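One structure is given below, encoded as C-alpha cells.
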Amino acid sequence: ALVSPAALVTHDWWSDVDPTAATDAGLTRASNLVAARLIHEEDPKVLSDPVATLQLYEEMLEPRTWKRTDYVAVWLGMGPRWLVYLCEATGDALRDSLESGAALKQRVKLILRPIKVRLPFPSSPPKDAEFVGPYFGDGATMDEAMLSQSGSQIYGLRVNLYGNWLVKLGLQHIGLQSGNCLDLLVIDWPARLLLASIRLTITQAFKDQRDTMPQPLDGRLRHEA
C-alpha cells in the first residue's frame with residue numbers, strides 16, 4: 001500500500017524545491033521529488049550496471065511502491081561522489097521530453113539556482129543557460145530506460161558536474177561550502193517544463209557522508225541516505 005508523504009524519511013541536506021522555482025521561471029512542473037542518495041564510486045563502470053542501478057532505485061522508493069507512471073533519476077557527479085535524486089512524473093510530459101532524440105542537445109538544461117550562498121555564485125537564468133549536451137560534452141548521458149516490476153518506465157540522466165572546469169571551480173570554492181543552499185533544476189526549455197528538481201543544503205551531515213552500509217549491492221556500489 002502507498003504511504004502518505006508525511007511517513008517518508010527525510011534528511012537535513014535534501015528537500016523539495018519551493019513551488020516558486022517553477023513559476024518564477026515560467027515553467028510547468030512535470031514531476032515530484034521522491035528521494036535522494038549520495039553514491040560513492042569505486043569503479044566508474046558500476047554506475048552503468050543496470051542490475052545495481054535498478055536495485056538502488058527500488059531502495060530509494062521504499063516504503064512506497066512503483067506507481068503506473070514514469071520516473072526520472074538524475075545523477076550529478078561531484079568528484080568521487082554522485083548525488084542521485086529520483087522524481088515521479090505527474091503526466092506524460094516527462095516521457096515526451098526525455099524520449100526525444102535531441103534531448104541532450106536541444107531540450108534539456110541544468111540550472112544550479114543559488115538560494116542561500118555566502119559568496120556570489122555564477123548561475124544563468126534558464127533562457128541563457130546552455131543545453132547539457134554541448135556544455136558538458138561526454139559528461140552528459142541518458143541511460144537506456146528501465147522497467148520496474150509494475151511496468152513503470154524509469155529514465156536516467158547523468159551529468160558529471162566536475163567534468164566542466166568552470167562548474168567544478170564554482171561548486172568547490174563557493175556552492176558546496178557549509179551553510180549554502182542550491183536548487184538543482186533539470187528543465188526542458190523549449191517545452192517550458194521543470195522535469196526534475198531538488199533543494200540541496202550543505203549541512204554537516206552532507207559533508208560527513210561515509211560508507212556505513214557494507215556491500216549492499218554485491219560490494220560494488222555503496223550508498224547512504
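Simple scheme: letters A, B, ... for chains in C-alpha cells order, numbers from 1 for residues in each chain, numbers from 1 for ligands in the order shown.
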
List as a JSON list (two decimals) with N, CA, C and O atoms, in the first residue's frame the protein and nucleic acid residues near stretch 187-196 of chain A, meaning an atom at most 7 Å away when only C-alpha atoms are counted, but skip any in the same chain fewer than 2 places from it.
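And here is the file that came out, out-v5.json:
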```json
[["chain", "number", "residue", "atom", "x", "y", "z"],
["A", 22, "ALA", "N", 9.50, 26.84, -10.12],
["A", 22, "ALA", "CA", 8.96, 26.66, -11.47],
["A", 22, "ALA", "C", 8.26, 27.92, -11.95],
["A", 22, "ALA", "O", 8.53, 28.42, -13.05],
["A", 26, "GLY", "N", 8.73, 30.65, -15.26],
["A", 26, "GLY", "CA", 7.76, 30.42, -16.33],
["A", 26, "GLY", "C", 7.68, 28.98, -16.76],
["A", 26, "GLY", "O", 7.38, 28.68, -17.92],
["A", 27, "LEU", "N", 7.91, 28.04, -15.82],
["A", 27, "LEU", "CA", 7.92, 26.62, -16.12],
["A", 27, "LEU", "C", 6.73, 25.91, -15.50],
["A", 27, "LEU", "O", 6.19, 26.34, -14.48],
["A", 28, "THR", "N", 6.33, 24.79, -16.11],
["A", 28, "THR", "CA", 5.31, 23.92, -15.55],
["A", 28, "THR", "C", 6.00, 22.70, -14.95],
["A", 28, "THR", "O", 6.84, 22.08, -15.60],
["A", 29, "ARG", "N", 5.64, 22.37, -13.74],
["A", 29, "ARG", "CA", 6.28, 21.25, -13.05],
["A", 29, "ARG", "C", 5.77, 19.93, -13.60],
["A", 29, "ARG", "O", 4.56, 19.71, -13.69],
["A", 30, "ALA", "N", 6.69, 19.02, -13.94],
["A", 30, "ALA", "CA", 6.32, 17.74, -14.57],
["A", 30, "ALA", "C", 6.59, 16.54, -13.68],
["A", 30, "ALA", "O", 6.36, 15.41, -14.10],
["A", 31, "SER", "N", 7.09, 16.75, -12.44],
["A", 31, "SER", "CA", 7.38, 15.62, -11.56],
["A", 31, "SER", "C", 7.43, 16.09, -10.12],
["A", 31, "SER", "O", 7.48, 17.29, -9.83],
["A", 87, "CYS", "N", 12.62, 11.23, -9.20],
["A", 87, "CYS", "CA", 11.38, 12.01, -9.28],
["A", 87, "CYS", "C", 10.31, 11.22, -10.01],
["A", 87, "CYS", "O", 10.60, 10.45, -10.93],
["A", 94, "LEU", "N", 7.04, 14.37, -19.12],
["A", 94, "LEU", "CA", 8.42, 13.97, -18.84],
["A", 94, "LEU", "C", 8.91, 12.96, -19.88],
["A", 94, "LEU", "O", 10.01, 13.08, -20.40],
["A", 97, "SER", "N", 9.65, 14.54, -23.28],
["A", 97, "SER", "CA", 10.91, 15.29, -23.30],
["A", 97, "SER", "C", 12.12, 14.39, -23.39],
["A", 97, "SER", "O", 13.01, 14.60, -24.20],
["A", 107, "ARG", "N", 17.06, 20.19, -25.83],
["A", 107, "ARG", "CA", 15.92, 20.32, -24.92],
["A", 107, "ARG", "C", 16.31, 20.52, -23.46],
["A", 107, "ARG", "O", 15.81, 21.43, -22.79],
["A", 108, "VAL", "N", 17.20, 19.68, -22.95],
["A", 108, "VAL", "CA", 17.45, 19.63, -21.50],
["A", 108, "VAL", "C", 18.55, 20.61, -21.08],
["A", 108, "VAL", "O", 19.64, 20.64, -21.66],
["A", 109, "LYS", "N", 18.23, 21.37, -20.04],
["A", 109, "LYS", "CA", 19.21, 22.26, -19.41],
["A", 109, "LYS", "C", 19.26, 21.94, -17.91],
["A", 109, "LYS", "O", 18.28, 21.48, -17.33],
["A", 110, "LEU", "N", 20.41, 22.19, -17.30],
["A", 110, "LEU", "CA", 20.58, 22.02, -15.86],
["A", 110, "LEU", "C", 20.86, 23.38, -15.24],
["A", 110, "LEU", "O", 21.80, 24.06, -15.63],
["A", 185, "LEU", "N", 17.93, 22.11, -10.80],
["A", 185, "LEU", "CA", 16.75, 22.01, -11.65],
["A", 185, "LEU", "C", 17.11, 21.45, -13.01],
["A", 185, "LEU", "O", 18.02, 21.95, -13.68]]
```

Per-residue DSSP, stretch 88-181 of chain A, filtered to alpha helix (DSSP H), as a PyMOL selection string: chain A and resi 93-98+132-136+165-170

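Here the question is which of A:Ala52, A:Gln106, A:Ile115, A:Met78 gets nearest to A:Val159 using only C-alpha atoms, and that residue is A:Met78.
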
Residue among A:Val34, A:Leu166, A:Cys181, A:Ile198 lying closest to A:Glu88, counting only C-alpha atoms: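 Looking only at the distances to A:Glu88, the closest residue turns out to be A:Val34.
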
Distance of atom CA of A:Val132 from atom CA of A:Asp16, expressed in Å to one decimal place: 22.3 Å

Secondary structure check, strand (DSSP E) residues of stretch 32-181 of chain A, as number ranges by chain: A: 32-41, 70-78, 81-89, 108-116, 140-142, 146-147, 153-160, 181
